[in-house]
>>> print(open('target.tsv').read())   # TSV, C-alpha atoms
chain	number	residue	atom	x	y	z
A	1	MET	CA	33.47	-101.70	-1.19
A	2	ARG	CA	35.07	-100.20	1.88
A	3	ASP	CA	37.08	-97.74	-0.24
A	4	VAL	CA	33.94	-96.24	-1.86
A	5	LEU	CA	31.47	-96.64	1.01
A	6	GLU	CA	31.68	-93.03	2.16
A	7	GLN	CA	30.88	-91.78	-1.35
A	8	VAL	CA	28.03	-94.30	-1.74
A	9	VAL	CA	26.48	-93.08	1.52
A	10	ALA	CA	26.83	-89.45	0.46
A	11	ALA	CA	25.14	-90.09	-2.89
A	12	TRP	CA	22.34	-92.07	-1.26
A	13	ARG	CA	21.61	-89.38	1.32
A	14	ARG	CA	21.49	-86.70	-1.38
A	15	GLY	CA	19.14	-88.79	-3.50
A	16	GLU	CA	21.76	-88.73	-6.25
A	17	PRO	CA	21.38	-91.50	-8.88
A	18	ALA	CA	24.78	-93.22	-9.01
A	19	GLY	CA	25.87	-96.59	-10.39
A	20	LEU	CA	27.78	-99.12	-8.30
A	21	ALA	CA	29.66	-102.02	-9.92
A	22	THR	CA	30.89	-104.92	-7.79
A	23	VAL	CA	33.07	-107.88	-8.78
A	24	THR	CA	31.16	-111.04	-7.81
A	25	ALA	CA	33.41	-113.80	-9.17
A	26	THR	CA	36.76	-114.20	-10.94
A	27	TRP	CA	38.59	-116.88	-12.89
A	28	SER	CA	42.22	-117.32	-13.90
A	29	SER	CA	44.37	-114.18	-13.54
A	30	ALA	CA	41.72	-111.50	-12.98
A	31	PRO	CA	43.43	-108.54	-11.26
A	32	ARG	CA	40.74	-107.72	-8.64
A	33	GLN	CA	39.02	-110.02	-6.16
A	34	PRO	CA	35.29	-110.42	-5.42
A	35	GLY	CA	34.00	-107.40	-3.53
A	36	ALA	CA	36.06	-104.87	-5.51
A	37	THR	CA	33.84	-101.92	-6.47
A	38	MET	CA	33.60	-98.87	-8.68
A	39	LEU	CA	31.13	-96.02	-8.10
A	40	VAL	CA	30.10	-93.71	-10.93
A	41	ARG	CA	28.37	-90.53	-9.71
A	42	SER	CA	25.78	-88.47	-11.55
A	43	ASP	CA	28.40	-85.87	-12.52
A	44	GLY	CA	30.40	-88.57	-14.30
A	45	THR	CA	33.21	-88.91	-11.74
A	46	ALA	CA	34.33	-92.43	-10.88
A	47	VAL	CA	35.82	-93.81	-7.67
A	48	GLY	CA	37.31	-97.27	-7.20
A	49	SER	CA	38.10	-100.01	-9.68
A	50	VAL	CA	36.84	-103.44	-10.72
A	51	SER	CA	39.68	-104.54	-12.97
A	52	GLY	CA	42.69	-102.28	-12.57
A	53	GLY	CA	41.93	-100.69	-15.96
A	54	CYS	CA	41.10	-103.65	-18.20
A	55	VAL	CA	37.34	-103.20	-18.47
A	56	GLU	CA	36.81	-99.92	-16.64
A	57	SER	CA	35.44	-98.06	-19.66
A	58	ALA	CA	32.76	-100.65	-20.36
A	59	VAL	CA	31.76	-100.88	-16.69
A	60	TYR	CA	31.71	-97.10	-16.44
A	61	GLU	CA	29.14	-96.83	-19.22
A	62	LEU	CA	27.06	-99.63	-17.72
A	63	CYS	CA	27.07	-97.87	-14.34
A	64	ARG	CA	25.70	-94.71	-15.94
A	65	GLU	CA	23.02	-96.70	-17.71
A	66	VAL	CA	21.94	-98.53	-14.55
A	67	ALA	CA	22.00	-95.31	-12.50
A	68	GLU	CA	19.50	-93.81	-14.93
A	69	SER	CA	17.25	-96.85	-15.37
A	70	GLY	CA	17.44	-98.28	-11.85
A	71	ARG	CA	17.48	-101.82	-13.30
A	72	PRO	CA	20.38	-103.98	-12.00
A	73	ARG	CA	22.57	-105.83	-14.49
A	74	ALA	CA	24.94	-108.78	-14.20
A	75	VAL	CA	27.67	-109.02	-16.86
A	76	ARG	CA	30.78	-111.06	-17.58
A	77	TYR	CA	34.00	-109.75	-19.06
A	78	GLY	CA	36.96	-111.75	-20.26
A	79	VAL	CA	38.62	-113.75	-22.99
A	80	SER	CA	35.48	-115.76	-23.67
A	81	ASP	CA	33.50	-112.68	-24.77
A	82	ALA	CA	33.06	-111.86	-28.42
A	83	ASP	CA	34.34	-108.35	-27.72
A	84	ALA	CA	37.32	-109.56	-25.70
A	85	PHE	CA	39.72	-107.60	-27.91
A	86	GLU	CA	38.03	-104.35	-26.91
A	87	VAL	CA	37.18	-104.93	-23.24
A	88	GLY	CA	38.68	-108.30	-22.31
A	89	LEU	CA	41.29	-108.73	-19.64
A	90	PRO	CA	44.76	-108.78	-21.24
A	91	CYS	CA	46.00	-110.95	-18.38
A	92	GLY	CA	43.69	-113.73	-19.55
A	93	GLY	CA	41.23	-113.65	-16.67
A	94	THR	CA	37.46	-113.38	-16.51
A	95	ILE	CA	35.31	-111.41	-14.07
A	96	ASP	CA	31.61	-111.30	-13.27
A	97	VAL	CA	30.34	-107.85	-12.35
A	98	PHE	CA	27.03	-106.85	-10.78
A	99	VAL	CA	25.87	-103.29	-11.40
A	100	GLU	CA	23.12	-101.60	-9.39
A	101	ARG	CA	21.94	-98.15	-8.45
A	102	ALA	CA	23.98	-97.19	-5.40
A	103	GLY	CA	22.18	-97.14	-2.06
A	104	PHE	CA	19.51	-99.09	-0.20
A	105	PRO	CA	17.51	-98.61	3.01
A	106	GLU	CA	19.94	-100.57	5.20
A	107	LEU	CA	22.97	-98.57	4.04
A	108	ASP	CA	23.06	-96.37	7.14
A	109	VAL	CA	23.24	-99.46	9.37
A	110	LEU	CA	26.12	-100.83	7.30
A	111	ALA	CA	28.00	-97.53	7.38
A	112	ALA	CA	27.56	-97.15	11.14
A	113	GLU	CA	28.94	-100.62	11.83
A	114	VAL	CA	31.91	-100.08	9.52
A	115	ASP	CA	32.65	-96.67	11.05
A	116	GLY	CA	32.50	-98.22	14.53
A	117	GLY	CA	35.04	-100.91	13.57
A	118	ARG	CA	32.51	-103.68	14.20
A	119	PRO	CA	32.18	-106.78	11.99
A	120	VAL	CA	29.34	-106.52	9.49
A	121	ALA	CA	28.47	-108.16	6.18
A	122	LEU	CA	26.46	-106.96	3.19
A	123	LEU	CA	24.52	-109.67	1.35
A	124	THR	CA	23.34	-108.84	-2.17
A	125	CYS	CA	21.30	-111.01	-4.52
A	126	VAL	CA	23.34	-110.80	-7.74
A	127	ASP	CA	21.70	-113.54	-9.81
A	128	GLY	CA	18.19	-114.91	-9.69
A	129	PRO	CA	14.58	-113.91	-10.36
A	130	PRO	CA	14.20	-110.27	-11.41
A	131	GLU	CA	12.17	-109.42	-8.31
A	132	ARG	CA	15.03	-110.53	-6.06
A	133	LEU	CA	17.93	-109.11	-8.04
A	134	GLY	CA	19.58	-106.35	-6.04
A	135	ARG	CA	17.86	-107.15	-2.73
A	136	HIS	CA	20.09	-106.61	0.32
A	137	LEU	CA	20.57	-108.02	3.79
A	138	VAL	CA	22.94	-106.47	6.35
A	139	LEU	CA	24.29	-108.86	8.98
A	140	THR	CA	26.05	-108.30	12.28
A	141	PRO	CA	27.02	-111.18	14.59
A	142	ASP	CA	23.72	-110.83	16.46
A	143	ALA	CA	21.26	-108.96	14.21
A	144	ARG	CA	20.09	-108.67	10.62
A	145	HIS	CA	18.49	-105.84	8.66
A	146	GLY	CA	16.61	-106.02	5.37
A	147	SER	CA	15.57	-109.09	3.40
A	148	LEU	CA	16.46	-111.05	0.28
A	149	ASP	CA	12.72	-111.62	-0.18
A	150	GLY	CA	11.98	-114.93	1.51
A	151	ASP	CA	12.17	-116.19	5.09
A	152	ARG	CA	13.83	-119.48	4.18
A	153	LEU	CA	16.38	-117.72	1.98
A	154	ASP	CA	17.02	-115.08	4.66
A	155	ASP	CA	17.60	-117.75	7.32
A	156	ALA	CA	19.99	-119.79	5.17
A	157	ALA	CA	21.90	-116.73	3.96
A	158	THR	CA	22.14	-115.39	7.51
A	159	ASP	CA	23.75	-118.58	8.79
A	160	ASP	CA	26.13	-118.91	5.85
A	161	GLY	CA	26.88	-115.18	5.71
A	162	ARG	CA	27.87	-115.07	9.37
A	163	GLY	CA	30.24	-117.96	8.74
A	164	LEU	CA	32.02	-115.97	6.03
A	165	LEU	CA	31.98	-112.86	8.22
A	166	ALA	CA	33.62	-114.73	11.10
A	167	ALA	CA	36.43	-115.74	8.74
A	168	GLY	CA	36.67	-112.24	7.25
A	169	ARG	CA	35.91	-113.59	3.78
A	170	THR	CA	33.97	-112.28	0.79
A	171	GLY	CA	32.37	-114.74	-1.60
A	172	LEU	CA	29.32	-116.13	-3.40
A	173	LEU	CA	26.62	-118.32	-1.88
A	174	HIS	CA	24.44	-120.47	-4.14
A	175	TYR	CA	20.82	-121.40	-3.41
A	176	GLY	CA	17.68	-122.71	-4.97
A	177	PRO	CA	14.72	-120.35	-5.55
A	178	ASP	CA	13.46	-120.80	-1.98
A	179	GLY	CA	16.84	-120.83	-0.26
A	180	GLN	CA	17.64	-124.53	-0.70
A	181	ARG	CA	21.35	-124.99	-0.04
A	182	ARG	CA	21.66	-127.77	-2.61
A	183	GLY	CA	19.73	-125.78	-5.20
A	184	THR	CA	20.77	-123.48	-8.03
A	185	GLY	CA	19.44	-120.42	-9.75
A	186	LEU	CA	20.04	-117.80	-7.05
A	187	ASP	CA	23.42	-116.31	-6.12
A	188	VAL	CA	24.11	-114.10	-3.11
A	189	LEU	CA	27.33	-112.12	-2.76
A	190	VAL	CA	28.58	-111.77	0.81
A	191	THR	CA	30.85	-108.74	1.25
A	192	SER	CA	32.53	-108.92	4.65
A	193	PHE	CA	33.65	-105.81	6.49
A	194	ALA	CA	35.63	-107.48	9.24
A	195	PRO	CA	37.98	-105.40	11.38
A	196	ALA	CA	41.52	-105.39	10.04
A	197	ALA	CA	43.52	-108.52	10.79
A	198	ARG	CA	46.17	-108.03	13.45
A	199	MET	CA	49.94	-108.23	13.18
A	200	LEU	CA	51.70	-108.63	16.53
A	201	VAL	CA	55.38	-107.71	16.36
A	202	PHE	CA	57.39	-108.77	19.40
A	203	GLY	CA	60.73	-107.05	19.94
A	204	ALA	CA	61.24	-103.27	19.63
A	205	THR	CA	64.12	-103.42	17.14
A	206	ASP	CA	65.01	-101.68	13.89
A	207	HIS	CA	63.74	-104.74	12.04
A	208	ALA	CA	60.48	-104.46	13.98
A	209	ALA	CA	60.06	-100.86	12.84
A	210	ALA	CA	60.43	-101.93	9.20
A	211	VAL	CA	58.06	-104.88	9.63
A	212	ALA	CA	55.52	-102.62	11.34
A	213	ARG	CA	55.64	-100.22	8.38
A	214	ILE	CA	55.09	-102.91	5.77
A	215	GLY	CA	52.47	-104.61	7.93
A	216	ALA	CA	50.45	-101.40	8.07
A	217	PHE	CA	50.91	-101.02	4.30
A	218	LEU	CA	49.40	-104.51	3.83
A	219	GLY	CA	46.37	-103.47	5.85
A	220	TYR	CA	47.13	-105.10	9.19
A	221	ARG	CA	46.43	-103.44	12.52
A	222	VAL	CA	49.97	-103.56	13.91
A	223	THR	CA	50.90	-103.87	17.57
A	224	VAL	CA	54.53	-103.69	18.70
A	225	CYS	CA	55.22	-105.23	22.11
A	226	ASP	CA	58.41	-105.33	24.15
A	227	ALA	CA	59.13	-105.56	27.88
A	228	ARG	CA	61.70	-102.76	27.70
A	229	PRO	CA	60.03	-99.32	28.01
A	230	VAL	CA	63.09	-97.44	26.78
A	231	PHE	CA	62.70	-99.10	23.36
A	232	ALA	CA	58.93	-99.65	23.12
A	233	THR	CA	57.82	-96.10	22.37
A	234	ALA	CA	55.25	-94.69	19.96
A	235	GLU	CA	57.89	-92.32	18.54
A	236	ARG	CA	59.98	-95.25	17.34
A	237	PHE	CA	57.00	-97.00	15.74
A	238	PRO	CA	54.73	-94.34	14.23
A	239	GLU	CA	53.04	-96.78	11.82
A	240	ALA	CA	51.93	-99.11	14.62
A	241	ALA	CA	48.36	-98.78	15.86
A	242	GLU	CA	49.64	-99.37	19.37
A	243	VAL	CA	52.93	-99.89	21.18
A	244	THR	CA	52.73	-101.92	24.38
A	245	VAL	CA	55.22	-102.40	27.19
A	246	ASP	CA	54.77	-105.95	28.51
A	247	TRP	CA	56.34	-109.35	28.44
A	248	PRO	CA	55.46	-110.74	25.00
A	249	HIS	CA	54.06	-114.09	26.19
A	250	ARG	CA	51.95	-112.41	28.86
A	251	TYR	CA	50.55	-109.89	26.38
A	252	LEU	CA	49.74	-112.56	23.78
A	253	ALA	CA	48.04	-114.80	26.32
A	254	ALA	CA	45.94	-111.88	27.58
A	255	GLU	CA	44.89	-110.89	24.06
A	256	ALA	CA	43.92	-114.48	23.28
A	257	SER	CA	41.89	-114.77	26.49
A	258	ALA	CA	40.10	-111.50	25.66
A	259	GLY	CA	39.17	-112.78	22.18
A	260	ARG	CA	41.11	-110.05	20.40
A	261	ILE	CA	43.03	-112.35	18.06
A	262	ASP	CA	41.71	-114.84	15.54
A	263	GLY	CA	42.69	-117.14	12.69
A	264	ARG	CA	43.84	-114.16	10.60
A	265	THR	CA	46.35	-112.92	13.20
A	266	VAL	CA	50.03	-112.80	12.25
A	267	VAL	CA	52.81	-113.04	14.86
A	268	CYS	CA	56.40	-111.94	14.14
A	269	VAL	CA	58.94	-112.59	16.90
A	270	LEU	CA	61.99	-110.43	16.21
A	271	THR	CA	63.79	-110.51	19.57
A	272	HIS	CA	66.08	-113.53	18.96
A	273	ASP	CA	66.56	-113.63	22.71
A	274	PRO	CA	65.45	-116.89	24.38
A	275	ARG	CA	64.17	-115.02	27.46
A	276	PHE	CA	61.53	-113.42	25.26
A	277	ASP	CA	61.04	-115.58	22.20
A	278	VAL	CA	60.71	-119.06	23.73
A	279	PRO	CA	57.80	-118.20	26.06
A	280	VAL	CA	55.92	-116.19	23.42
A	281	LEU	CA	56.49	-118.79	20.71
A	282	ARG	CA	55.20	-121.53	22.97
A	283	THR	CA	52.05	-119.49	23.52
A	284	ALA	CA	51.69	-118.58	19.84
A	285	LEU	CA	52.16	-122.12	18.53
A	286	GLU	CA	49.33	-123.35	20.72
A	287	LEU	CA	46.92	-120.83	19.16
A	288	PRO	CA	45.14	-121.12	15.76
A	289	LEU	CA	47.01	-118.22	14.15
A	290	ALA	CA	47.54	-117.51	10.46
A	291	TYR	CA	51.32	-117.17	10.71
A	292	VAL	CA	54.04	-117.46	13.35
A	293	GLY	CA	57.56	-116.44	12.38
A	294	ALA	CA	60.75	-115.90	14.37
A	295	MET	CA	63.97	-114.11	13.48
A	296	GLY	CA	67.42	-115.57	14.06
A	297	SER	CA	70.32	-117.43	12.52
A	298	ARG	CA	70.12	-121.16	11.79
A	299	ARG	CA	72.14	-121.76	14.95
A	300	THR	CA	69.61	-119.68	16.90
A	301	HIS	CA	66.80	-121.59	15.23
A	302	ASP	CA	68.23	-124.97	16.23
A	303	ASP	CA	68.71	-123.82	19.82
A	304	ARG	CA	65.20	-122.38	19.85
A	305	LEU	CA	63.67	-125.65	18.65
A	306	LYS	CA	65.50	-127.51	21.38
A	307	ARG	CA	64.20	-125.14	24.04
A	308	LEU	CA	60.65	-125.31	22.66
A	309	ARG	CA	60.68	-129.10	22.72
A	310	GLU	CA	61.76	-128.93	26.33
A	311	THR	CA	58.60	-126.90	27.08
A	312	GLY	CA	56.49	-129.79	25.82
A	313	LEU	CA	55.56	-128.62	22.32
A	314	ASP	CA	55.12	-131.50	19.88
A	315	GLU	CA	56.44	-131.73	16.33
A	316	GLU	CA	53.10	-130.81	14.78
A	317	ALA	CA	53.11	-127.49	16.61
A	318	LEU	CA	56.77	-126.85	15.81
A	319	ALA	CA	56.11	-127.46	12.12
A	320	ARG	CA	53.94	-124.31	12.09
A	321	LEU	CA	56.91	-122.13	13.04
A	322	ARG	CA	58.45	-120.13	10.19
A	323	SER	CA	62.05	-119.83	11.24
A	324	PRO	CA	64.35	-118.32	10.17
A	325	ILE	CA	61.62	-115.84	9.29
A	326	GLY	CA	61.01	-114.68	5.71
A	327	LEU	CA	61.71	-115.85	2.17
A	328	ASP	CA	65.19	-116.12	0.69
A	329	LEU	CA	65.51	-112.75	-1.06
A	330	GLY	CA	69.11	-112.13	-0.07
A	331	ALA	CA	67.88	-109.35	2.21
A	332	ARG	CA	70.43	-107.36	4.21
A	333	THR	CA	68.85	-104.20	5.59
A	334	PRO	CA	65.88	-104.05	7.99
A	335	GLU	CA	63.71	-102.76	5.13
A	336	GLU	CA	64.76	-105.59	2.80
A	337	THR	CA	64.19	-108.09	5.59
A	338	ALA	CA	60.70	-106.68	6.13
A	339	VAL	CA	59.94	-107.27	2.45
A	340	SER	CA	61.03	-110.90	2.80
A	341	VAL	CA	58.85	-111.32	5.91
A	342	ALA	CA	55.86	-109.73	4.16
A	343	ALA	CA	56.43	-111.97	1.13
A	344	GLU	CA	56.34	-115.07	3.30
A	345	ILE	CA	53.16	-113.91	5.04
A	346	VAL	CA	51.45	-113.31	1.69
A	347	ALA	CA	52.68	-116.64	0.31
A	348	THR	CA	51.40	-118.44	3.41
A	349	ARG	CA	48.02	-116.75	3.15
A	350	TRP	CA	47.49	-117.66	-0.50
A	351	ASN	CA	49.43	-120.94	-0.61
A	352	GLY	CA	52.11	-119.42	-2.84
A	353	THR	CA	55.39	-121.17	-3.59
A	354	GLY	CA	57.73	-118.18	-3.31
A	355	GLU	CA	59.29	-119.13	-6.65
A	356	ARG	CA	59.99	-116.72	-9.52
A	357	LEU	CA	56.86	-116.43	-11.67
A	358	SER	CA	59.07	-116.51	-14.77
A	359	GLY	CA	60.08	-120.05	-13.79
A	360	THR	CA	56.57	-121.38	-13.21
A	361	SER	CA	53.62	-122.21	-15.43
A	362	GLY	CA	49.86	-122.23	-15.02
A	363	PRO	CA	47.60	-119.62	-13.40
A	364	ILE	CA	49.35	-116.81	-11.52
A	365	HIS	CA	46.54	-116.47	-8.97
A	366	ARG	CA	45.45	-119.54	-7.05
A	367	GLU	CA	41.91	-120.27	-5.98
A	368	ASP	CA	41.27	-119.34	-2.36
A	369	HIS	CA	40.36	-122.56	-0.52
A	370	ARG	CA	40.64	-121.13	3.00
>>> encode(input="target.tsv", output="structure tokens")
Amino acid sequence: MRDVLEQVVAAWRRGEPAGLATVTATWSSAPRQPGATMLVRSDGTAVGSVSGGCVESAVYELCREVAESGRPRAVRYGVSDADAFEVGLPCGGTIDVFVERAGFPELDVLAAEVDGGRPVALLTCVDGPPERLGRHLVLTPDARHGSLDGDRLDDAATDDGRGLLAAGRTGLLHYGPDGQRRGTGLDVLVTSFAPAARMLVFGATDHAAAVARIGAFLGYRVTVCDARPVFATAERFPEAAEVTVDWPHRYLAAEASAGRIDGRTVVCVLTHDPRFDVPVLRTALELPLAYVGAMGSRRTHDDRLKRLRETGLDEEALARLRSPIGLDLGARTPEETAVSVAAEIVATRWNGTGERLSGTSGPIHREDHR
């Protein structure tokens, strides 16, 4: 929803009836994930996407209908539908979509938190009794606004929603009519607006510049850090959100102590110099990070492992190190190497194999069990 939020706020403030469609669940190879949205304004213009083109026309018409009637609708599209030939997903997936009139009283709170870069979650009742359908709750780590229409439900959804927000995840919560966690009949979509995950790139090299560019492209907030001020300059790394001159291990330890990294943080050590990489890798491998990779030849890797063992790291910690960094793409240039690093980060995030899809079978997209 982040990509259409500004337009949703504008329509709401003008009192403009607009339709908002949100993906609430997917199966098999659906092209968009839960939380993907499409806004259809009163003049007929559309922003965003719920399927990458597969069912856009059908959802577009439903958005216009809901914008006019004000009555929310929940629909399913996919190969199991009778009209699959016309609006089904050619990739074989299925999506659930919730369509509502865009805007609600707590929208300004949501927009302010997102604009301020603070973590916030939007909870929407997408399946249940008609009187609860489309009710909203906006959560921050220490406050909530709105109601799903029931104290017990609000309390349960607040606890569970903050758990998803802390992990930066979007997903469905299932409850009984009165908020019973073991019940059924009421579904709440939690859309998390967590600050961008961080990518920390250590070593101000040409490879670091390429990795910083692709990291920003993937949506990470990229920091480049090097102890050498002549190399660590903003001019050399324009795509980085910040360039810091400091010893890598000291910077990482300080960021961890300040609570500015989390389980989504990615660390790429591109110095291949033991003075820099051994201390920072020791620090990184003791933190609960999403990914820790280090550049270097296999000889460098073997020497690095030896040095890390001498610092006291155990085999379990060393097993988390991705070194030599990246997938085997035959990369040569810094840009090609950055693609291989990005591919490994994505594969690690989604438990991918890194194999050619043409040589595998089964679903292309895996369920997210994080």
>>> closest_atom_pairs(input="target.tsv", of="range 172-207 of chain A", to="range 334-340 of chain A", cutoff="10 Å", atoms="all atoms listed in the file", output="Markdown table")
| residue | atom | partner | partner_atom | distance |
| --- | --- | --- | --- | --- |
| A:Thr205 | CA | A:Pro334 | CA | 9.3 |
| A:Asp206 | CA | A:Pro334 | CA | 6.4 |
| A:His207 | CA | A:Pro334 | CA | 4.6 |
>>> closest_residue(input="target.tsv", among="A:Pro274, A:Pro177, A:Pro248, A:Gly128", to="Leu189 in chain A", atoms="all atoms listed in the file")
A:Gly128
>>> residues_around(input="target.tsv", residues="Gly44 in chain A", least_positions_apart="3", cutoff="8 Å", atoms="only C-alpha atoms", output="ChimeraX atom specification")
/A:40-41,64
>>> closest_residue(input="target.tsv", among="A:His249, A:Arg152, A:Arg228, A:Arg198", to="Tyr175 in chain A", atoms="all atoms listed in the file")
A:Arg152
>>> closest_residue(input="target.tsv", among="A:Cys225, A:Ala166, A:Ala319, A:Ala156", to="Ala208 in chain A", atoms="all atoms listed in the file")
A:Cys225
>>> closest_residue(input="target.tsv", among="A:Ala234, A:Ala290, A:Ala112, A:Leu107", to="Gly146 in chain A", atoms="all atoms listed in the file")
A:Leu107
>>> closest_residue(input="target.tsv", among="A:Ile214, A:Leu133, A:Val55, A:Leu122", to="Gly171 in chain A", atoms="only C-alpha atoms")
A:Leu122
>>> closest_residue(input="target.tsv", among="A:Arg236, A:Arg264, A:Arg169, A:Arg13", to="Asp108 in chain A", atoms="all atoms listed in the file")
A:Arg13
>>> atom_distance(input="target.tsv", atom1="CA of Asp43 in chain A", atom2="CA of Ala18 in chain A")
8.9 Å
>>> atom_distance(input="target.tsv", atom1="CA of Arg101 in chain A", atom2="CA of Val59 in chain A")
13.1 Å
>>> residues_around(input="target.tsv", residues="Leu321 in chain A", least_positions_apart="4", cutoff="10 Å", atoms="all atoms listed in the file", output="PyMOL selection string")
chain A and resi 281+284-285+291-294+305+316-317+325
